[in-house]
$ cat target.csv   # CSV, C-alpha atoms
chain,number,residue,atom,x,y,z
A,12,MET,CA,25.6,18.7,2.4
A,13,LEU,CA,23.2,20.1,5.0
A,14,ILE,CA,20.0,18.5,6.3
A,15,ARG,CA,17.5,21.0,7.6
A,16,THR,CA,13.8,21.6,8.2
A,17,ALA,CA,12.1,23.1,5.2
A,18,LEU,CA,10.7,26.6,5.5
A,19,PRO,CA,7.6,28.2,3.9
A,20,ALA,CA,9.8,30.0,1.5
A,21,ASP,CA,11.0,26.6,0.2
A,22,ALA,CA,7.6,25.6,-1.2
A,23,GLN,CA,8.5,26.3,-4.9
A,24,ASN,CA,11.9,24.5,-4.7
A,25,LEU,CA,10.3,21.6,-2.8
A,26,ALA,CA,7.5,21.3,-5.4
A,27,LEU,CA,10.1,21.1,-8.2
A,28,LEU,CA,12.2,18.6,-6.4
A,29,GLY,CA,9.3,16.4,-5.4
A,30,GLU,CA,7.9,16.2,-8.9
A,31,ARG,CA,11.4,15.6,-10.4
A,32,LEU,CA,12.2,12.8,-8.0
A,33,TRP,CA,8.8,11.1,-8.2
A,34,ARG,CA,8.9,11.3,-12.0
A,35,ALA,CA,12.4,9.9,-12.1
A,36,THR,CA,11.4,7.0,-9.9
A,37,TYR,CA,8.1,6.1,-11.5
A,38,THR,CA,8.2,7.1,-15.2
A,39,GLY,CA,7.8,4.0,-17.3
A,40,LEU,CA,6.5,2.0,-14.3
A,41,ILE,CA,3.2,3.9,-13.9
A,42,PRO,CA,1.1,4.8,-17.0
A,43,GLU,CA,1.4,8.4,-18.0
A,44,THR,CA,-2.3,8.8,-17.9
A,45,SER,CA,-2.2,8.1,-14.2
A,46,LEU,CA,1.2,9.6,-13.4
A,47,GLU,CA,0.6,13.1,-14.8
A,48,PRO,CA,-2.7,13.9,-12.9
A,49,TYR,CA,-1.1,12.5,-9.7
A,50,LEU,CA,2.0,14.8,-10.1
A,51,ALA,CA,-0.3,17.8,-10.8
A,52,ALA,CA,-2.4,17.1,-7.7
A,53,THR,CA,0.5,16.3,-5.4
A,54,PHE,CA,3.5,18.5,-6.3
A,55,GLY,CA,2.8,22.1,-6.9
A,56,PRO,CA,3.8,25.2,-4.9
A,57,VAL,CA,0.3,25.5,-3.4
A,58,GLN,CA,0.3,21.9,-2.3
A,59,GLN,CA,3.8,22.1,-0.9
A,60,ALA,CA,3.0,25.4,0.9
A,61,GLY,CA,0.0,23.7,2.5
A,62,GLU,CA,2.1,20.7,3.6
A,63,LEU,CA,4.8,23.1,5.1
A,64,ALA,CA,2.1,25.0,7.0
A,65,ASP,CA,0.4,21.9,8.4
A,66,PRO,CA,1.4,21.6,12.1
A,67,ALA,CA,1.2,17.8,11.9
A,68,CYS,CA,3.8,17.7,9.2
A,69,THR,CA,7.5,18.4,8.9
A,70,THR,CA,9.7,18.3,5.8
A,71,LEU,CA,13.5,17.6,6.1
A,72,VAL,CA,15.5,18.6,3.0
A,73,ILE,CA,19.0,17.8,1.9
A,74,GLU,CA,20.7,20.9,0.6
A,75,GLY,CA,23.9,20.8,-1.4
A,76,GLY,CA,25.0,24.4,-2.1
A,77,ASP,CA,21.8,26.1,-3.3
A,78,THR,CA,20.2,22.9,-4.6
A,79,PHE,CA,17.8,20.5,-2.9
A,80,LEU,CA,19.0,16.9,-3.3
A,81,GLY,CA,16.5,15.0,-1.3
A,82,TYR,CA,13.7,15.2,1.2
A,83,ALA,CA,11.6,13.4,3.8
A,84,TRP,CA,8.0,14.5,4.4
A,85,LEU,CA,6.9,13.4,7.8
A,86,ARG,CA,3.3,13.2,9.3
A,87,ALA,CA,2.3,12.5,12.8
A,88,GLY,CA,-0.1,9.6,13.1
A,89,GLY,CA,-0.5,5.9,12.4
A,90,PRO,CA,-1.5,4.0,9.3
A,91,GLU,CA,-5.1,3.4,8.3
A,92,VAL,CA,-4.6,0.4,6.1
A,93,GLU,CA,-6.4,-2.8,5.5
A,94,ASP,CA,-3.8,-5.6,5.9
A,95,ALA,CA,-1.2,-4.2,8.3
A,96,SER,CA,-0.8,-3.0,11.8
A,97,CYS,CA,1.3,-0.4,13.5
A,98,PRO,CA,2.6,-1.3,17.0
A,99,PHE,CA,3.3,2.3,18.2
A,100,ALA,CA,1.3,4.5,20.5
A,101,ARG,CA,2.8,7.7,19.1
A,102,PRO,CA,3.8,6.9,15.5
A,103,LEU,CA,5.3,9.2,12.8
A,104,GLU,CA,4.8,8.4,9.2
A,105,VAL,CA,7.6,8.9,6.6
A,106,ALA,CA,5.1,9.8,3.9
A,107,ARG,CA,7.8,10.6,1.3
A,108,PHE,CA,11.5,9.8,1.3
A,109,TYR,CA,13.5,10.5,-1.9
A,110,VAL,CA,17.1,11.3,-2.6
A,111,ASP,CA,18.4,12.4,-6.0
A,112,ARG,CA,20.0,9.6,-7.9
A,113,SER,CA,23.3,11.6,-8.1
A,114,ARG,CA,23.5,11.1,-4.4
A,115,HIS,CA,22.8,7.3,-4.3
A,116,GLY,CA,25.6,5.5,-2.7
A,117,THR,CA,27.1,8.6,-1.0
A,118,GLY,CA,25.5,8.2,2.4
A,119,ALA,CA,23.0,11.0,1.8
A,120,ALA,CA,20.0,8.7,2.2
A,121,GLN,CA,21.5,7.2,5.4
A,122,ALA,CA,22.1,10.7,6.8
A,123,LEU,CA,18.5,11.8,5.9
A,124,MET,CA,17.1,8.7,7.6
A,125,ALA,CA,19.2,9.4,10.7
A,126,ALA,CA,17.8,12.9,10.8
A,127,VAL,CA,14.3,11.4,10.5
A,128,PHE,CA,14.9,9.1,13.5
A,129,ALA,CA,16.4,12.0,15.5
A,130,TYR,CA,13.5,14.3,14.7
A,131,ALA,CA,10.9,11.6,15.6
A,132,ALA,CA,12.6,10.8,18.9
A,133,ALA,CA,13.0,14.5,19.8
A,134,ALA,CA,9.3,15.1,19.0
A,135,GLY,CA,8.2,12.2,21.3
A,136,HIS,CA,7.3,9.6,18.8
A,137,ASP,CA,8.0,5.9,19.7
A,138,GLY,CA,8.3,4.6,16.2
A,139,VAL,CA,8.2,5.5,12.5
A,140,TRP,CA,6.4,3.7,9.7
A,141,LEU,CA,6.3,4.0,5.9
A,142,GLN,CA,4.8,2.4,2.8
A,143,VAL,CA,7.0,1.2,0.0
A,144,TRP,CA,6.0,-0.2,-3.3
A,145,GLU,CA,6.6,-4.0,-3.2
A,146,GLN,CA,8.1,-3.7,-6.7
A,147,ASN,CA,10.9,-1.4,-5.5
A,148,PRO,CA,13.6,-3.8,-4.2
A,149,ARG,CA,16.3,-1.1,-3.9
A,150,ALA,CA,14.1,0.9,-1.5
A,151,ILE,CA,13.1,-2.2,0.4
A,152,ARG,CA,16.7,-3.2,0.9
A,153,PHE,CA,17.6,0.4,2.1
A,154,TYR,CA,14.8,0.4,4.6
A,155,ALA,CA,15.7,-3.1,5.9
A,156,LYS,CA,19.3,-1.9,6.4
A,157,ALA,CA,17.9,1.1,8.3
A,158,GLY,CA,16.2,-1.3,10.7
A,159,PHE,CA,12.6,-1.3,9.3
A,160,MET,CA,10.5,-4.5,9.7
A,161,ASP,CA,7.6,-5.6,7.5
A,162,ALA,CA,4.2,-5.2,9.2
A,163,GLY,CA,1.9,-6.1,6.3
A,164,GLY,CA,0.6,-4.8,3.1
A,165,THR,CA,-1.7,-2.1,1.8
A,166,THR,CA,-2.9,-0.5,-1.5
A,167,PHE,CA,-1.6,2.8,-2.9
A,168,HIS,CA,-3.6,4.4,-5.7
A,169,VAL,CA,-2.3,6.6,-8.5
A,170,GLY,CA,-5.2,7.6,-10.6
A,171,ASP,CA,-7.2,4.5,-11.5
A,172,GLN,CA,-4.3,2.2,-10.9
A,173,ALA,CA,-3.9,0.3,-7.6
A,174,TYR,CA,-0.4,-0.8,-6.4
A,175,ARG,CA,0.6,-3.1,-3.6
A,176,ASP,CA,2.7,-1.6,-1.0
A,177,ARG,CA,4.5,-3.0,2.1
A,178,LEU,CA,4.0,-1.3,5.4
A,179,LEU,CA,7.3,-1.1,7.3
A,180,VAL,CA,7.9,-0.1,10.9
A,181,HIS,CA,10.9,1.0,13.0
A,182,ALA,CA,10.8,1.2,16.8
A,183,LEU,CA,12.5,4.2,18.4
A,184,THR,CA,14.1,2.7,21.5
A,185,ALA,CA,17.5,3.0,22.9
A,186,GLN,CA,18.4,-0.1,20.8
A,187,GLY,CA,16.3,1.0,17.8
A,188,LEU,CA,18.0,4.3,17.0
$ encode --input "target.csv" --output "structure tokens"
Amino acid sequence: MLIRTALPADAQNLALLGERLWRATYTGLIPETSLEPYLAATFGPVQQAGELADPACTTLVIEGGDTFLGYAWLRAGGPEVEDASCPFARPLEVARFYVDRSRHGTGAAQALMAAVFAYAAAAGHDGVWLQVWEQNPRAIRFYAKAGFMDAGGTTFHVGDQAYRDRLLVHALTAQGL
């Protein structure tokens, strides 16, 4: 297993991975009439190429052989949410963090999160933050074990549907890494 920064040539594989993992996570939980348009607008080679070209963004991928098994999409900047706050001067958002179910329980997610923290610290960020659906207890437990703390709530929209998310923060200090 290798964790590396995604390259522009990875846009197609990243689009396929992103859609597959998002679909696996939310099919049956989000109505198909909202899910399908969201996937089409969010995960395509053009969208992924744009994200990979954006200087404020970095994507880390887990590679196993010639297959992508997970990824973290990172964006510089703080949250603009209604019911939460971010205590950092130079925050980094973990905008997407997904690992293939075949790798759950193998340490792959922990390794990817460690790579996120290392990237953030090396890039001069003083903390990372993310949103997680409040109805996803497995993810919430994982983030808590990784050292994230609850900083409030916000709303995430998929189509016409609004979902309640928790905003979680993690300080990057000598003790917080």
$ residues_around --input "target.csv" --residues "A:Tyr130" --least-positions-apart "5" --cutoff "12 Å" --atoms "all atoms listed in the file" --output "PyMOL selection string"
chain A and resi 14-16+68-71+83-87+103-105+123-125+135-139+183+188
$ write_last_selection --input "target.csv" --atoms "C-alpha atoms" --output "compact mmCIF listing (two decimals), in the coordinates of the input"
# COMPACT_ATOMS: atom_id res chain seq x y z
CA ILE A 14 20.00 18.50 6.30
CA ARG A 15 17.50 21.00 7.60
CA THR A 16 13.80 21.60 8.20
CA CYS A 68 3.80 17.70 9.20
CA THR A 69 7.50 18.40 8.90
CA THR A 70 9.70 18.30 5.80
CA LEU A 71 13.50 17.60 6.10
CA ALA A 83 11.60 13.40 3.80
CA TRP A 84 8.00 14.50 4.40
CA LEU A 85 6.90 13.40 7.80
CA ARG A 86 3.30 13.20 9.30
CA ALA A 87 2.30 12.50 12.80
CA LEU A 103 5.30 9.20 12.80
CA GLU A 104 4.80 8.40 9.20
CA VAL A 105 7.60 8.90 6.60
CA LEU A 123 18.50 11.80 5.90
CA MET A 124 17.10 8.70 7.60
CA ALA A 125 19.20 9.40 10.70
CA GLY A 135 8.20 12.20 21.30
CA HIS A 136 7.30 9.60 18.80
CA ASP A 137 8.00 5.90 19.70
CA GLY A 138 8.30 4.60 16.20
CA VAL A 139 8.20 5.50 12.50
CA LEU A 183 12.50 4.20 18.40
CA LEU A 188 18.00 4.30 17.00
$ closest_residue --input "target.csv" --among "A:Gly76, A:Gly118, A:Pro102, A:Gly170" --to "A:Ala52" --atoms "only C-alpha atoms"
A:Gly170
$ closest_residue --input "target.csv" --among "A:Thr117, A:Thr44, A:Thr184, A:Gln142" --to "A:Phe99" --atoms "only C-alpha atoms"
A:Thr184
$ closest_residue --input "target.csv" --among "A:Glu30, A:Leu40, A:Ser45, A:Asp111" --to "A:Gln172" --atoms "all atoms listed in the file"
A:Ser45
$ atom_distance --input "target.csv" --atom1 "atom CA of A:Gln23" --atom2 "atom CA of A:Ala129"
26.1 Å
$ residues_around --input "target.csv" --residues "A:Glu47" --least-positions-apart "5" --cutoff "12 Å" --atoms "all atoms listed in the file" --output "ChimeraX atom specification"
/A:30-31,33-34,37-39,41-42,52-54,169-170
$ atom_distance --input "target.csv" --atom1 "atom CA of A:Glu145" --atom2 "atom CA of A:Asp176"
5.1 Å
$ residues_around --input "target.csv" --residues "A:Val110" --least-positions-apart "3" --cutoff "9 Å" --atoms "only C-alpha atoms" --output "JSON, numbers by chain"
{"A": [32, 73, 80, 81, 82, 83, 113, 114, 115, 119, 120, 123]}
$ atom_distance --input "target.csv" --atom1 "atom CA of A:Trp144" --atom2 "atom CA of A:Val72"
22.0 Å
$ residues_around --input "target.csv" --residues "A:Pro19" --least-positions-apart "6" --cutoff "9 Å" --atoms "only C-alpha atoms" --output "list in words"
Gln59, Ala60, Gly61, Leu63 and Ala64 of chain A
$ closest_residue --input "target.csv" --among "A:Lys156, A:Trp140, A:Val127, A:Leu27" --to "A:Gly89" --atoms "all atoms listed in the file"
A:Trp140
$ closest_residue --input "target.csv" --among "A:Ala122, A:Val180, A:Ala133, A:Met12" --to "A:Met160" --atoms "all atoms listed in the file"
A:Val180
$ axis_aligned_box --input "target.csv" --around "stretch 49-65 of chain A" --padding-each-side "3 Å" --output "AutoDock Vina command-line options"
--center_x 1.2 --center_y 19.0 --center_z -1.2 --size_x 13.2 --size_y 19.0 --size_z 25.2
$ closest_residue --input "target.csv" --among "A:Gly55, A:Leu179, A:Ala35, A:Gln146" --to "A:Asp161" --atoms "only C-alpha atoms"
A:Leu179
